[in-house]
Structures are given as C-alpha cells and as structure tokens.
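Read the structure below first, then the notes.
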Amino acid sequence: MYRKNRSFRSGFLHAADGVKEAWKSERSMRIHIVTAALVIVFGFLLSISTWEWIACVTLFGLVIGAELGNTALEHAVDICSPQPDPRAKRVKDIAAAAVLVVSLAAAVVGLLIFAPKVWNVFFGG
C-alpha cells in the first residue's frame, strides 16, 4: 500500500520488495541477475580493469532497470486493459524492445571485454 511522506528506509524497503517480486515472478529478471553474477565472478577471475568494471556495473544497472520498468509497465497495462487489445500489445512490445536493446548492448560490451581475456587464457598472448 502506498503511504505519503514515507521515509528513505521505507522507500528502500518498498524497492527491495519490488526486486524480490520481480525475481519471483519474472524468469528474465532471474536470467539477468544470474548473468550479472557470472560476469562479476569472471571479472575477478580475469582481473578486468577499473574502466571495464565501470562499464559492466553501468550496464548491469541499465539492463536490470529496463527489466524492472518493463515488468512494471506490463503489470500496469494488464490492470488497465485486461482484455486483449492491439494497443496494449504494442506498448508491451515496445517496452520489451527497450530491454532487448540494452541487453544486446551489454552482451557486445561483455564480448569486447571478456573475449580477448579468455583468448589469452587459452592461447596465450
């Protein structure tokens, strides 16, 4: 339930509840978070630079933020338009496309950062 004049702590708890809810209900959110955890592990194992960490963390935030926004919008559209409606589908598709674009950008940056390091591990460099 929404309350006026909530404190920072209660606002943070509501946000944490939102992340937990998205984790439980959205398979794609779980995939993004598990992928981020794997990138963190490989980042430590392959000793990525500070700037590479900055790129990774920024993209984690963008991907997970886009996924949370997409999830919220999908739920809002379902409330406003419970019956199938091509306009509602269009809104959902555009929000999903935002997640796709950010995820593809993150994948490209991940390849640019990690492919040379993995290559060096296996083939020397």
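Each chain in the structure tokens gets a letter, A, B, ..., in the order shown, and its residues are numbered from 1; ligands are numbered from 1 in order too.
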
Write out as a ChimeraX atom specification each polymer residue whose atoms come within 9 Å of stretch 105-111 of chain A, counting only C-alpha atoms; drop sequence neighbours fewer than 3 positions from it.
-> /A:39,55-56,59-60,62-63,100-102,114-116

Any idea what's packed within 12 Å of A:Asp93, counting only C-alpha atoms, ignoring anything in its chain fewer than 5 positions away? Could you give it as a list in words?
->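 Non-adjacent residues within range: Asn70, Thr71, Leu73, Glu74, Val77, Pro86, Arg87, Ala88, Ala98, Val99 and Leu100 of chain A.
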
Convert the current residue selection to file output with C-alpha atoms, as a PDB file, in the first residue's frame.
```pdb
ATOM      1  CA  ASN A  70       9.222  -3.353 -18.466  1.00  0.00           C
ATOM      2  CA  THR A  71       7.756  -5.578 -15.754  1.00  0.00           C
ATOM      3  CA  LEU A  73       4.616  -1.413 -17.351  1.00  0.00           C
ATOM      4  CA  GLU A  74       3.347  -4.880 -18.291  1.00  0.00           C
ATOM      5  CA  VAL A  77      -1.153  -2.430 -18.852  1.00  0.00           C
ATOM      6  CA  PRO A  86      -3.591  -4.426 -30.041  1.00  0.00           C
ATOM      7  CA  ARG A  87      -2.682  -1.057 -28.498  1.00  0.00           C
ATOM      8  CA  ALA A  88      -1.789  -2.687 -25.192  1.00  0.00           C
ATOM      9  CA  ALA A  98      13.946  -1.497 -24.676  1.00  0.00           C
ATOM     10  CA  VAL A  99      15.143  -4.425 -22.559  1.00  0.00           C
ATOM     11  CA  LEU A 100      16.346  -6.225 -25.672  1.00  0.00           C
TER      12      LEU A 100
END
```

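If only C-alpha atoms are the atoms counted, then among A:Ile113, A:Arg27, A:Ala72, A:Ala66 the closest residue to A:Thr50 is A:Ile113.
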
Contact residues around stretch 43-47 of chain A with only C-alpha atoms at 8 Å, ignoring same-chain residues under 5 positions, as a PyMOL selection string = chain A and resi 53+117-118

Print the selection's residues with C-alpha atoms to a file, as a tab-separated table (two decimals), in the first residue's frame.
```
chain	number	residue	atom	x	y	z
A	53	TRP	CA	34.18	-2.68	-14.12
A	117	LYS	CA	40.98	-12.14	-21.92
A	118	VAL	CA	39.54	-15.62	-22.45
```

Return the single residue from A:Lys92, A:Glu67, A:Ile54, A:Ser49 that is closest to A:Ala22, with distances computed using only C-alpha atoms.
->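 The shortest atom-to-atom distance to A:Ala22 comes from A:Glu67.
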
Pick out the closest residue to A:Glu21 from this set: A:His75, A:Asn120, A:Val91, A:Ser103. Count only C-alpha atoms.
->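 Smallest distance to A:Glu21 is found for A:His75.
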
May I ask for the distance between atom CA of A:Thr35 and atom CA of A:Ala15, given in Å to one decimal place?
-> 21.1 Å

Looking at only C-alpha atoms, which of A:Pro84, A:Thr58, A:Phe122, A:Leu68 is the one that sits closest to A:Ser25?
-> A:Leu68

Could you pull the residues within 12 Å of A:Trp23, counting only C-alpha atoms, minus those fewer than 2 positions along the same chain, as number ranges by chain?
-> A: 16-21, 25-34, 64, 67-68, 71
